[in-house]
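Before any comments, here is the structure.
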Amino acid sequence: MPGDHRRIRGPEESQPPQLYATGEGEAPAPRDPARLRPVYARAGLLSQAKGSAYLEAGGTKVLCAVSGPRPAEGGERGGGPAGAGGEAPAALRGRLLCDFRRAPFSGRRRRAPPSGGEERELALALQEALEPAVRLGRYPRAQLEVSALLLEDGGSALAAALTAAALALADAGVEMYDLVVGCGLSRAPAPAPTWLLDPTLLEEERAAAGLTVALMPVLNQVAGLLGSGEGGPTESWAEAVRLGLEGCQRLYPVLQQCLVRAARRRGAAAPL
Amino acid sequence: EDLRVDGRGCEDYRCVEVETDVVSNTSGSARVKLGHTDILVGVKAEMGTPKLEKPNEGYLEFFVDCSASATPEFEGRGGDDLGTEIANTLYRIFNKSSVDLESLCISPREHCWALYVDVLLLECGGNLFDAISIAVKAALFNTRIPRVRVLEDEEGSKDIELSDDPYDCIQLSVENVPCIVTLCKIGYRHVVDATLQEEACSLASLLVSVTSKGVVTCMRKVGKGSLDPESIFEMLETGKRVGKVLHASLQSILHKEESLGPKRQKVGFLG
């Protein structure tokens with residue numbers, strides 16, 4: 001039978017029992033729209049990766065690993081005008097390859113690993129958000145591989161993956177202009193359409209619209225933006241972006257501390 | 001000073017040519033030429049089974065093919081990545097209120113219409129997303145889905161009957177189908193409808209999908225650079241303004257073309 005022989009798939013027609021459950025289920029509890037869930041972040045935990053980070057925010061658990069710089073595949077292209085600061089010419093800049101994977105047990109329904117479109121889209125979103133922050137001109141003809149693995153989806157998974165990936169890149173010692181902090185938002189459906197910061201899985205599932213913002217806090221530049229749904233007029237989206245940026249700024253000190261601790265641990269473990 | 005290389009202002013589109021019903025084997029088709037960008041969209045309506053979570057609705061499937069004739073970079077598998085990116089964006093911009101999916105249902109849980117929207121990139125001349133969304137909207141406007149009836153037998157088995165009249169069809173309402181407006185940031189200003197050269201100068205762009213009523217359904221940042229928060233808010237406003245104008249002119253053109261009826265001159269390709 002054609003297909004992926006390495007993984008054992010369930011029978012084709014299997015469904016989770018929740019599909020047949022009666023009743024609406026619990027409604028999400030009312031809460032302060034601008035509350036951020038407490039975050040646990042740790043960098044430098046995988047021994048085999050150049051840099052790694054683990055981030056937990058509420059129920060969302062993401063593990064990210066960075067490897068490289070490795071020589072890039074693909075032909076050599078001619079040089080162009082050199083950038084400032086001794087960077088490589090534009091055509092010889094390094095590349096960032098991002099991969100986003102969901103564990104099959106991360107969501108409510110089991111998803112067989114090659115789930116196609118959505119993971120490709122999120123990997124592209126990761127790449128577009130991380131590229132402004134990494135000084136790729138300092139890694140000519142090299143590629144950096146970032147792979148994010150979502151262990152459990154508890155809401156705002158892409159935002160958590162972005163933050164974890166930036167931490168992992170910093171932990172790997174890759175030259176960056178700034179960290180990238182991600183924040184998720186979702187809009188509750190009518191009758192009370194407010195934008196909620198850092199939604200849980202329940203709030204995200206019932207949402208009319210969702211948005212993920214990635215900010216470089218020190219430079220105050222938006223590195224990534226991805227949102228869709230029935231968000232309403234542009235003023236509503238603008239308000240959501242502002243709320244998201246504020247959330248990113250609040251998250252920044254936690255990540256700074258995490259990197260400092262990781263550096264101390266590395267220093268203590270190194271032979272004197 | 002609001003002046004670009006080809007003489008346009010920052011918010012002006014190039015001349016757009018839209019023609020529908022170009023391919024006769026499809027349920028609906030459209031061809032859009034925006035400067036040097038050429039897109040062909042064909043919609044085929046086929047009968048399928050509704051998805052498990054939404055038993056009362058039909059569905060739309062998007063597929064984008066970047067043909068090798070568009071630019072030399074698309075030779076072989078090169079265009080696949082761009083094709084999946086565009087298809088994913090199309091899935092994102094269509095939400096529950098864009099197309100009335102319940103009208104595509106024939107019998108709940110058993111049969112429904114599946115609309116396969118296939119986009120073909122014939123020539124790439126900058127601003128792909130905008131041209132593709134215009135073409136998809138025009139093709140959906142042109143789609144004619146045959147009317148079917150479900151007949152119940154005495155034993156309870158259902159039979160599907162297609163009406164005999166080939167012109168007895170249902171048309172989709174494309175009032176709420178959104179269009180994408182790509183705003184490229186060049187220097188401190190942003191421009192709408194960038195050509196290939198302008199896209200090469202721009203480090204970051206914002207893709208906004210707007211409906212005719214000015215409701216934004218999707219927002220995405222594309223490109224290697226970063227954007228200032230203030231410019232994002234400005235770009236959103238510009239996108240909404242430009243989008244409304246785009247929708248108004250597209251609607252009037254489509255209605256005008258349809259009213260010409262079967263006697264209209266078909267320009268077709270290389271016209």
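Simple scheme: letters A, B, ... for chains in structure tokens order, numbers from 1 for residues in each chain, numbers from 1 for ligands in the order shown.
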
Taking only C-alpha atoms into account, which residues of chain A are within 7 Å of chain B, as an MDAnalysis selection string?
chainID A and resid 117 121 128 131:132 221:234 238

Ile132 of chain B environment, 12 Å, only C-alpha atoms, sequence neighbours closer than 5 positions dropped, as a PyMOL selection string
chain B and resi 16+18+30-34+37-42+62-66+83+86-87+89-90+117-124+126-127+137-139+178-182+209

With C-alpha atoms retained, could you export that selection as a PDB file, in the first residue's frame?
ATOM      1  CA  VAL B  16      -6.844  44.913 -15.263  1.00  0.00           C
ATOM      2  CA  VAL B  18     -11.026  40.236 -16.670  1.00  0.00           C
ATOM      3  CA  ALA B  30     -12.021  33.352 -15.449  1.00  0.00           C
ATOM      4  CA  ARG B  31      -8.870  34.862 -16.836  1.00  0.00           C
ATOM      5  CA  VAL B  32      -7.256  37.942 -15.374  1.00  0.00           C
ATOM      6  CA  LYS B  33      -4.445  39.947 -16.870  1.00  0.00           C
ATOM      7  CA  LEU B  34      -2.879  42.522 -14.543  1.00  0.00           C
ATOM      8  CA  THR B  37       0.661  38.867 -14.626  1.00  0.00           C
ATOM      9  CA  ASP B  38      -1.656  36.338 -16.249  1.00  0.00           C
ATOM     10  CA  ILE B  39      -3.876  34.024 -14.216  1.00  0.00           C
ATOM     11  CA  LEU B  40      -6.389  31.418 -15.334  1.00  0.00           C
ATOM     12  CA  VAL B  41      -8.852  29.927 -12.839  1.00  0.00           C
ATOM     13  CA  GLY B  42     -11.195  27.026 -13.484  1.00  0.00           C
ATOM     14  CA  PHE B  62      -8.025  25.225  -3.777  1.00  0.00           C
ATOM     15  CA  PHE B  63      -5.121  24.111  -5.873  1.00  0.00           C
ATOM     16  CA  VAL B  64      -2.514  26.416  -7.352  1.00  0.00           C
ATOM     17  CA  ASP B  65      -0.186  25.383 -10.117  1.00  0.00           C
ATOM     18  CA  CYS B  66       2.766  27.584 -10.998  1.00  0.00           C
ATOM     19  CA  GLY B  83       1.871  27.080  -5.120  1.00  0.00           C
ATOM     20  CA  ILE B  86      -0.800  30.663  -2.347  1.00  0.00           C
ATOM     21  CA  ALA B  87      -3.238  27.794  -1.801  1.00  0.00           C
ATOM     22  CA  THR B  89      -3.489  31.825   1.765  1.00  0.00           C
ATOM     23  CA  LEU B  90      -6.646  31.191  -0.262  1.00  0.00           C
ATOM     24  CA  VAL B 117     -10.970  25.847  -7.639  1.00  0.00           C
ATOM     25  CA  ASP B 118      -7.819  25.365  -9.711  1.00  0.00           C
ATOM     26  CA  VAL B 119      -5.567  28.325 -10.302  1.00  0.00           C
ATOM     27  CA  LEU B 120      -3.019  28.326 -13.074  1.00  0.00           C
ATOM     28  CA  LEU B 121      -0.239  30.874 -13.178  1.00  0.00           C
ATOM     29  CA  LEU B 122       0.525  31.535 -16.801  1.00  0.00           C
ATOM     30  CA  GLU B 123       2.802  34.509 -16.447  1.00  0.00           C
ATOM     31  CA  CYS B 124       4.360  36.127 -13.421  1.00  0.00           C
ATOM     32  CA  GLY B 126       4.473  40.932  -9.893  1.00  0.00           C
ATOM     33  CA  ASN B 127       1.543  41.116  -7.460  1.00  0.00           C
ATOM     34  CA  LYS B 137     -13.847  35.865  -7.383  1.00  0.00           C
ATOM     35  CA  ALA B 138     -14.649  36.237 -11.081  1.00  0.00           C
ATOM     36  CA  ALA B 139     -14.606  32.465 -11.612  1.00  0.00           C
ATOM     37  CA  PRO B 178     -12.823  38.795  -0.322  1.00  0.00           C
ATOM     38  CA  CYS B 179     -10.059  40.154  -2.491  1.00  0.00           C
ATOM     39  CA  ILE B 180      -6.428  40.423  -1.483  1.00  0.00           C
ATOM     40  CA  VAL B 181      -4.624  43.749  -1.506  1.00  0.00           C
ATOM     41  CA  THR B 182      -0.853  43.516  -1.178  1.00  0.00           C
ATOM     42  CA  SER B 209      -7.879  40.460   2.423  1.00  0.00           C
TER      43      SER B 209
END

Quick check for you: according to DSSP on this backbone, which residues of segment 16-253 of chain A are classed as alpha helix (DSSP H)? Reply as a PDB file with N, CA, C and O atoms, in the first residue's frame.
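The resulting file, selection_25.pdb, is shown below:
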ATOM      1  N   GLY A 117      -0.667  20.729   4.429  1.00  0.00           N
ATOM      2  CA  GLY A 117      -0.795  22.174   4.309  1.00  0.00           C
ATOM      3  C   GLY A 117      -0.555  23.013   5.535  1.00  0.00           C
ATOM      4  O   GLY A 117       0.228  23.961   5.507  1.00  0.00           O
ATOM      5  N   GLU A 118      -1.209  22.647   6.652  1.00  0.00           N
ATOM      6  CA  GLU A 118      -1.148  23.558   7.786  1.00  0.00           C
ATOM      7  C   GLU A 118       0.264  23.685   8.330  1.00  0.00           C
ATOM      8  O   GLU A 118       0.723  24.774   8.646  1.00  0.00           O
ATOM      9  N   GLU A 119       0.978  22.551   8.415  1.00  0.00           N
ATOM     10  CA  GLU A 119       2.332  22.604   8.973  1.00  0.00           C
ATOM     11  C   GLU A 119       3.267  23.387   8.068  1.00  0.00           C
ATOM     12  O   GLU A 119       4.134  24.129   8.543  1.00  0.00           O
ATOM     13  N   ARG A 120       3.092  23.268   6.749  1.00  0.00           N
ATOM     14  CA  ARG A 120       3.911  24.034   5.804  1.00  0.00           C
ATOM     15  C   ARG A 120       3.656  25.512   5.990  1.00  0.00           C
ATOM     16  O   ARG A 120       4.561  26.322   5.970  1.00  0.00           O
ATOM     17  N   GLU A 121       2.379  25.860   6.182  1.00  0.00           N
ATOM     18  CA  GLU A 121       2.031  27.274   6.318  1.00  0.00           C
ATOM     19  C   GLU A 121       2.641  27.852   7.588  1.00  0.00           C
ATOM     20  O   GLU A 121       3.183  28.953   7.589  1.00  0.00           O
ATOM     21  N   LEU A 122       2.563  27.099   8.689  1.00  0.00           N
ATOM     22  CA  LEU A 122       3.118  27.601   9.938  1.00  0.00           C
ATOM     23  C   LEU A 122       4.637  27.649   9.885  1.00  0.00           C
ATOM     24  O   LEU A 122       5.257  28.546  10.454  1.00  0.00           O
ATOM     25  N   ALA A 123       5.243  26.688   9.180  1.00  0.00           N
ATOM     26  CA  ALA A 123       6.700  26.733   9.043  1.00  0.00           C
ATOM     27  C   ALA A 123       7.109  27.973   8.260  1.00  0.00           C
ATOM     28  O   ALA A 123       8.102  28.636   8.585  1.00  0.00           O
ATOM     29  N   LEU A 124       6.351  28.313   7.236  1.00  0.00           N
ATOM     30  CA  LEU A 124       6.639  29.521   6.462  1.00  0.00           C
ATOM     31  C   LEU A 124       6.458  30.760   7.322  1.00  0.00           C
ATOM     32  O   LEU A 124       7.249  31.696   7.255  1.00  0.00           O
ATOM     33  N   ALA A 125       5.422  30.754   8.169  1.00  0.00           N
ATOM     34  CA  ALA A 125       5.188  31.900   9.062  1.00  0.00           C
ATOM     35  C   ALA A 125       6.359  32.040  10.034  1.00  0.00           C
ATOM     36  O   ALA A 125       6.814  33.156  10.313  1.00  0.00           O
ATOM     37  N   LEU A 126       6.871  30.915  10.543  1.00  0.00           N
ATOM     38  CA  LEU A 126       8.030  30.928  11.440  1.00  0.00           C
ATOM     39  C   LEU A 126       9.219  31.560  10.734  1.00  0.00           C
ATOM     40  O   LEU A 126       9.904  32.420  11.275  1.00  0.00           O
ATOM     41  N   GLN A 127       9.455  31.107   9.486  1.00  0.00           N
ATOM     42  CA  GLN A 127      10.613  31.607   8.753  1.00  0.00           C
ATOM     43  C   GLN A 127      10.496  33.100   8.510  1.00  0.00           C
ATOM     44  O   GLN A 127      11.444  33.851   8.696  1.00  0.00           O
ATOM     45  N   GLU A 128       9.307  33.551   8.118  1.00  0.00           N
ATOM     46  CA  GLU A 128       9.132  34.974   7.817  1.00  0.00           C
ATOM     47  C   GLU A 128       9.266  35.833   9.052  1.00  0.00           C
ATOM     48  O   GLU A 128       9.654  36.992   8.967  1.00  0.00           O
ATOM     49  N   ALA A 129       8.931  35.273  10.206  1.00  0.00           N
ATOM     50  CA  ALA A 129       9.045  36.070  11.421  1.00  0.00           C
ATOM     51  C   ALA A 129      10.470  36.080  11.964  1.00  0.00           C
ATOM     52  O   ALA A 129      10.885  37.047  12.601  1.00  0.00           O
ATOM     53  N   LEU A 130      11.238  34.996  11.734  1.00  0.00           N
ATOM     54  CA  LEU A 130      12.584  34.940  12.300  1.00  0.00           C
ATOM     55  C   LEU A 130      13.615  35.608  11.412  1.00  0.00           C
ATOM     56  O   LEU A 130      14.631  36.077  11.896  1.00  0.00           O
ATOM     57  N   ALA A 157      -0.462  28.273  19.682  1.00  0.00           N
ATOM     58  CA  ALA A 157       0.688  27.404  19.468  1.00  0.00           C
ATOM     59  C   ALA A 157       1.758  28.082  18.626  1.00  0.00           C
ATOM     60  O   ALA A 157       2.952  27.966  18.901  1.00  0.00           O
ATOM     61  N   LEU A 158       1.346  28.802  17.590  1.00  0.00           N
ATOM     62  CA  LEU A 158       2.327  29.432  16.705  1.00  0.00           C
ATOM     63  C   LEU A 158       3.135  30.480  17.458  1.00  0.00           C
ATOM     64  O   LEU A 158       4.347  30.590  17.299  1.00  0.00           O
ATOM     65  N   ALA A 159       2.463  31.240  18.331  1.00  0.00           N
ATOM     66  CA  ALA A 159       3.168  32.271  19.097  1.00  0.00           C
ATOM     67  C   ALA A 159       4.226  31.635  19.992  1.00  0.00           C
ATOM     68  O   ALA A 159       5.363  32.107  20.079  1.00  0.00           O
ATOM     69  N   ALA A 160       3.842  30.544  20.667  1.00  0.00           N
ATOM     70  CA  ALA A 160       4.789  29.863  21.543  1.00  0.00           C
ATOM     71  C   ALA A 160       5.955  29.311  20.738  1.00  0.00           C
ATOM     72  O   ALA A 160       7.118  29.384  21.166  1.00  0.00           O
ATOM     73  N   ALA A 161       5.660  28.766  19.545  1.00  0.00           N
ATOM     74  CA  ALA A 161       6.731  28.205  18.718  1.00  0.00           C
ATOM     75  C   ALA A 161       7.701  29.299  18.277  1.00  0.00           C
ATOM     76  O   ALA A 161       8.910  29.098  18.241  1.00  0.00           O
ATOM     77  N   LEU A 162       7.174  30.476  17.947  1.00  0.00           N
ATOM     78  CA  LEU A 162       8.020  31.602  17.536  1.00  0.00           C
ATOM     79  C   LEU A 162       8.977  31.986  18.652  1.00  0.00           C
ATOM     80  O   LEU A 162      10.178  32.159  18.441  1.00  0.00           O
ATOM     81  N   THR A 163       8.405  32.137  19.858  1.00  0.00           N
ATOM     82  CA  THR A 163       9.241  32.542  20.992  1.00  0.00           C
ATOM     83  C   THR A 163      10.294  31.485  21.277  1.00  0.00           C
ATOM     84  O   THR A 163      11.471  31.803  21.508  1.00  0.00           O
ATOM     85  N   ALA A 164       9.873  30.203  21.264  1.00  0.00           N
ATOM     86  CA  ALA A 164      10.830  29.136  21.539  1.00  0.00           C
ATOM     87  C   ALA A 164      11.926  29.106  20.480  1.00  0.00           C
ATOM     88  O   ALA A 164      13.100  28.897  20.797  1.00  0.00           O
ATOM     89  N   ALA A 165      11.565  29.324  19.222  1.00  0.00           N
ATOM     90  CA  ALA A 165      12.566  29.296  18.152  1.00  0.00           C
ATOM     91  C   ALA A 165      13.575  30.423  18.321  1.00  0.00           C
ATOM     92  O   ALA A 165      14.780  30.222  18.143  1.00  0.00           O
ATOM     93  N   ALA A 166      13.095  31.620  18.707  1.00  0.00           N
ATOM     94  CA  ALA A 166      14.021  32.734  18.905  1.00  0.00           C
ATOM     95  C   ALA A 166      14.962  32.444  20.068  1.00  0.00           C
ATOM     96  O   ALA A 166      16.165  32.725  20.004  1.00  0.00           O
ATOM     97  N   LEU A 167      14.430  31.861  21.151  1.00  0.00           N
ATOM     98  CA  LEU A 167      15.272  31.506  22.293  1.00  0.00           C
ATOM     99  C   LEU A 167      16.313  30.474  21.889  1.00  0.00           C
ATOM    100  O   LEU A 167      17.480  30.558  22.300  1.00  0.00           O
ATOM    101  N   ALA A 168      15.891  29.505  21.094  1.00  0.00           N
ATOM    102  CA  ALA A 168      16.826  28.456  20.679  1.00  0.00           C
ATOM    103  C   ALA A 168      17.932  29.035  19.808  1.00  0.00           C
ATOM    104  O   ALA A 168      19.102  28.663  19.938  1.00  0.00           O
ATOM    105  N   LEU A 169      17.572  29.968  18.924  1.00  0.00           N
ATOM    106  CA  LEU A 169      18.584  30.596  18.076  1.00  0.00           C
ATOM    107  C   LEU A 169      19.573  31.379  18.931  1.00  0.00           C
ATOM    108  O   LEU A 169      20.783  31.329  18.709  1.00  0.00           O
ATOM    109  N   ALA A 170      19.053  32.079  19.942  1.00  0.00           N
ATOM    110  CA  ALA A 170      19.944  32.845  20.818  1.00  0.00           C
ATOM    111  C   ALA A 170      20.837  31.896  21.603  1.00  0.00           C
ATOM    112  O   ALA A 170      22.025  32.156  21.807  1.00  0.00           O
ATOM    113  N   ASP A 171      20.269  30.767  22.034  1.00  0.00           N
ATOM    114  CA  ASP A 171      21.027  29.791  22.810  1.00  0.00           C
ATOM    115  C   ASP A 171      22.128  29.160  21.956  1.00  0.00           C
ATOM    116  O   ASP A 171      23.174  28.767  22.467  1.00  0.00           O
ATOM    117  N   LEU A 201      -7.064  26.739  24.450  1.00  0.00           N
ATOM    118  CA  LEU A 201      -7.533  25.957  23.311  1.00  0.00           C
ATOM    119  C   LEU A 201      -9.041  26.122  23.131  1.00  0.00           C
ATOM    120  O   LEU A 201      -9.545  26.260  22.019  1.00  0.00           O
ATOM    121  N   LEU A 202      -9.782  26.112  24.245  1.00  0.00           N
ATOM    122  CA  LEU A 202     -11.235  26.243  24.185  1.00  0.00           C
ATOM    123  C   LEU A 202     -11.641  27.577  23.563  1.00  0.00           C
ATOM    124  O   LEU A 202     -12.525  27.647  22.699  1.00  0.00           O
ATOM    125  N   GLU A 203     -10.965  28.662  23.993  1.00  0.00           N
ATOM    126  CA  GLU A 203     -11.290  29.985  23.451  1.00  0.00           C
ATOM    127  C   GLU A 203     -10.935  30.067  21.975  1.00  0.00           C
ATOM    128  O   GLU A 203     -11.650  30.665  21.178  1.00  0.00           O
ATOM    129  N   GLU A 204      -9.828  29.418  21.602  1.00  0.00           N
ATOM    130  CA  GLU A 204      -9.400  29.468  20.204  1.00  0.00           C
ATOM    131  C   GLU A 204     -10.368  28.723  19.312  1.00  0.00           C
ATOM    132  O   GLU A 204     -10.634  29.120  18.174  1.00  0.00           O
ATOM    133  N   GLU A 205     -10.893  27.592  19.818  1.00  0.00           N
ATOM    134  CA  GLU A 205     -11.785  26.796  18.986  1.00  0.00           C
ATOM    135  C   GLU A 205     -13.089  27.519  18.743  1.00  0.00           C
ATOM    136  O   GLU A 205     -13.701  27.390  17.691  1.00  0.00           O
ATOM    137  N   THR A 234     -11.418  47.323  10.246  1.00  0.00           N
ATOM    138  CA  THR A 234      -9.967  47.458  10.423  1.00  0.00           C
ATOM    139  C   THR A 234      -9.612  48.001  11.801  1.00  0.00           C
ATOM    140  O   THR A 234      -8.552  47.674  12.335  1.00  0.00           O
ATOM    141  N   GLU A 235     -10.500  48.808  12.408  1.00  0.00           N
ATOM    142  CA  GLU A 235     -10.173  49.351  13.728  1.00  0.00           C
ATOM    143  C   GLU A 235     -10.048  48.227  14.738  1.00  0.00           C
ATOM    144  O   GLU A 235      -9.193  48.258  15.630  1.00  0.00           O
ATOM    145  N   SER A 236     -10.890  47.204  14.566  1.00  0.00           N
ATOM    146  CA  SER A 236     -10.842  46.076  15.484  1.00  0.00           C
ATOM    147  C   SER A 236      -9.521  45.320  15.338  1.00  0.00           C
ATOM    148  O   SER A 236      -8.882  44.949  16.325  1.00  0.00           O
ATOM    149  N   TRP A 237      -9.070  45.114  14.101  1.00  0.00           N
ATOM    150  CA  TRP A 237      -7.790  44.449  13.875  1.00  0.00           C
ATOM    151  C   TRP A 237      -6.640  45.296  14.408  1.00  0.00           C
ATOM    152  O   TRP A 237      -5.687  44.773  14.998  1.00  0.00           O
ATOM    153  N   ALA A 238      -6.717  46.621  14.211  1.00  0.00           N
ATOM    154  CA  ALA A 238      -5.638  47.493  14.694  1.00  0.00           C
ATOM    155  C   ALA A 238      -5.549  47.407  16.215  1.00  0.00           C
ATOM    156  O   ALA A 238      -4.453  47.343  16.790  1.00  0.00           O
ATOM    157  N   GLU A 239      -6.708  47.371  16.868  1.00  0.00           N
ATOM    158  CA  GLU A 239      -6.730  47.273  18.329  1.00  0.00           C
ATOM    159  C   GLU A 239      -6.116  45.958  18.776  1.00  0.00           C
ATOM    160  O   GLU A 239      -5.360  45.901  19.750  1.00  0.00           O
ATOM    161  N   ALA A 240      -6.416  44.891  18.018  1.00  0.00           N
ATOM    162  CA  ALA A 240      -5.861  43.588  18.361  1.00  0.00           C
ATOM    163  C   ALA A 240      -4.350  43.590  18.231  1.00  0.00           C
ATOM    164  O   ALA A 240      -3.632  43.053  19.088  1.00  0.00           O
ATOM    165  N   VAL A 241      -3.836  44.210  17.149  1.00  0.00           N
ATOM    166  CA  VAL A 241      -2.386  44.246  16.956  1.00  0.00           C
ATOM    167  C   VAL A 241      -1.728  45.000  18.115  1.00  0.00           C
ATOM    168  O   VAL A 241      -0.709  44.562  18.656  1.00  0.00           O
ATOM    169  N   ARG A 242      -2.356  46.110  18.539  1.00  0.00           N
ATOM    170  CA  ARG A 242      -1.770  46.879  19.655  1.00  0.00           C
ATOM    171  C   ARG A 242      -1.732  46.047  20.925  1.00  0.00           C
ATOM    172  O   ARG A 242      -0.731  46.023  21.652  1.00  0.00           O
ATOM    173  N   LEU A 243      -2.832  45.317  21.189  1.00  0.00           N
ATOM    174  CA  LEU A 243      -2.897  44.483  22.385  1.00  0.00           C
ATOM    175  C   LEU A 243      -1.813  43.411  22.336  1.00  0.00           C
ATOM    176  O   LEU A 243      -1.128  43.140  23.332  1.00  0.00           O
ATOM    177  N   GLY A 244      -1.631  42.830  21.144  1.00  0.00           N
ATOM    178  CA  GLY A 244      -0.623  41.796  20.982  1.00  0.00           C
ATOM    179  C   GLY A 244       0.779  42.330  21.217  1.00  0.00           C
ATOM    180  O   GLY A 244       1.606  41.690  21.880  1.00  0.00           O
ATOM    181  N   LEU A 245       1.057  43.519  20.674  1.00  0.00           N
ATOM    182  CA  LEU A 245       2.399  44.089  20.837  1.00  0.00           C
ATOM    183  C   LEU A 245       2.681  44.364  22.304  1.00  0.00           C
ATOM    184  O   LEU A 245       3.784  44.136  22.803  1.00  0.00           O
ATOM    185  N   GLU A 246       1.658  44.839  23.015  1.00  0.00           N
ATOM    186  CA  GLU A 246       1.828  45.097  24.442  1.00  0.00           C
ATOM    187  C   GLU A 246       2.126  43.802  25.187  1.00  0.00           C
ATOM    188  O   GLU A 246       2.995  43.743  26.068  1.00  0.00           O
ATOM    189  N   GLY A 247       1.411  42.732  24.811  1.00  0.00           N
ATOM    190  CA  GLY A 247       1.652  41.434  25.437  1.00  0.00           C
ATOM    191  C   GLY A 247       3.072  40.961  25.207  1.00  0.00           C
ATOM    192  O   GLY A 247       3.731  40.412  26.106  1.00  0.00           O
ATOM    193  N   CYS A 248       3.590  41.187  23.973  1.00  0.00           N
ATOM    194  CA  CYS A 248       4.957  40.773  23.673  1.00  0.00           C
ATOM    195  C   CYS A 248       5.949  41.507  24.560  1.00  0.00           C
ATOM    196  O   CYS A 248       6.904  40.914  25.080  1.00  0.00           O
ATOM    197  N   GLN A 249       5.739  42.805  24.753  1.00  0.00           N
ATOM    198  CA  GLN A 249       6.657  43.577  25.587  1.00  0.00           C
ATOM    199  C   GLN A 249       6.666  43.068  27.015  1.00  0.00           C
ATOM    200  O   GLN A 249       7.708  43.034  27.674  1.00  0.00           O
ATOM    201  N   ARG A 250       5.488  42.628  27.490  1.00  0.00           N
ATOM    202  CA  ARG A 250       5.421  42.145  28.872  1.00  0.00           C
ATOM    203  C   ARG A 250       6.130  40.818  29.040  1.00  0.00           C
ATOM    204  O   ARG A 250       6.612  40.478  30.115  1.00  0.00           O
ATOM    205  N   LEU A 251       6.188  40.059  27.945  1.00  0.00           N
ATOM    206  CA  LEU A 251       6.795  38.734  28.020  1.00  0.00           C
ATOM    207  C   LEU A 251       8.316  38.797  27.977  1.00  0.00           C
ATOM    208  O   LEU A 251       8.997  37.872  28.416  1.00  0.00           O
ATOM    209  N   TYR A 252       8.864  39.881  27.449  1.00  0.00           N
ATOM    210  CA  TYR A 252      10.297  39.976  27.179  1.00  0.00           C
ATOM    211  C   TYR A 252      11.200  39.751  28.396  1.00  0.00           C
ATOM    212  O   TYR A 252      12.170  38.997  28.306  1.00  0.00           O
ATOM    213  N   PRO A 253      10.912  40.362  29.581  1.00  0.00           N
ATOM    214  CA  PRO A 253      11.821  40.167  30.729  1.00  0.00           C
ATOM    215  C   PRO A 253      11.995  38.699  31.123  1.00  0.00           C
ATOM    216  O   PRO A 253      13.084  38.273  31.516  1.00  0.00           O
TER     217      PRO A 253
END

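Take atom CA of Leu211 of chain A and atom CA of Ala194 of chain B: the distance between them is 25.7 Å.
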
Can you tell me, as a count of residues only, what residues are no more than 9 Å from Glu102 of chain B when counting only C-alpha atoms, ignoring any on the same chain fewer than 3 positions away?
6

Given the choices A:Gly44, A:Pro217, A:Pro114, A:Pro193, which gets closest to Ala133 of chain A if the distance is worked out from only C-alpha atoms?
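Selected residue with least distance to Ala133 of chain A: A:Pro217.
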
Taking the DSSP assignment computed from this structure's backbone, write out as number ranges by chain all residues of segment 41-259 of chain B that belong to strand (DSSP E).
B: 41-48, 59-66, 105-107, 111-123, 144-146, 148-152, 158-162, 169-171, 179-186, 189-192, 204-210, 216-223
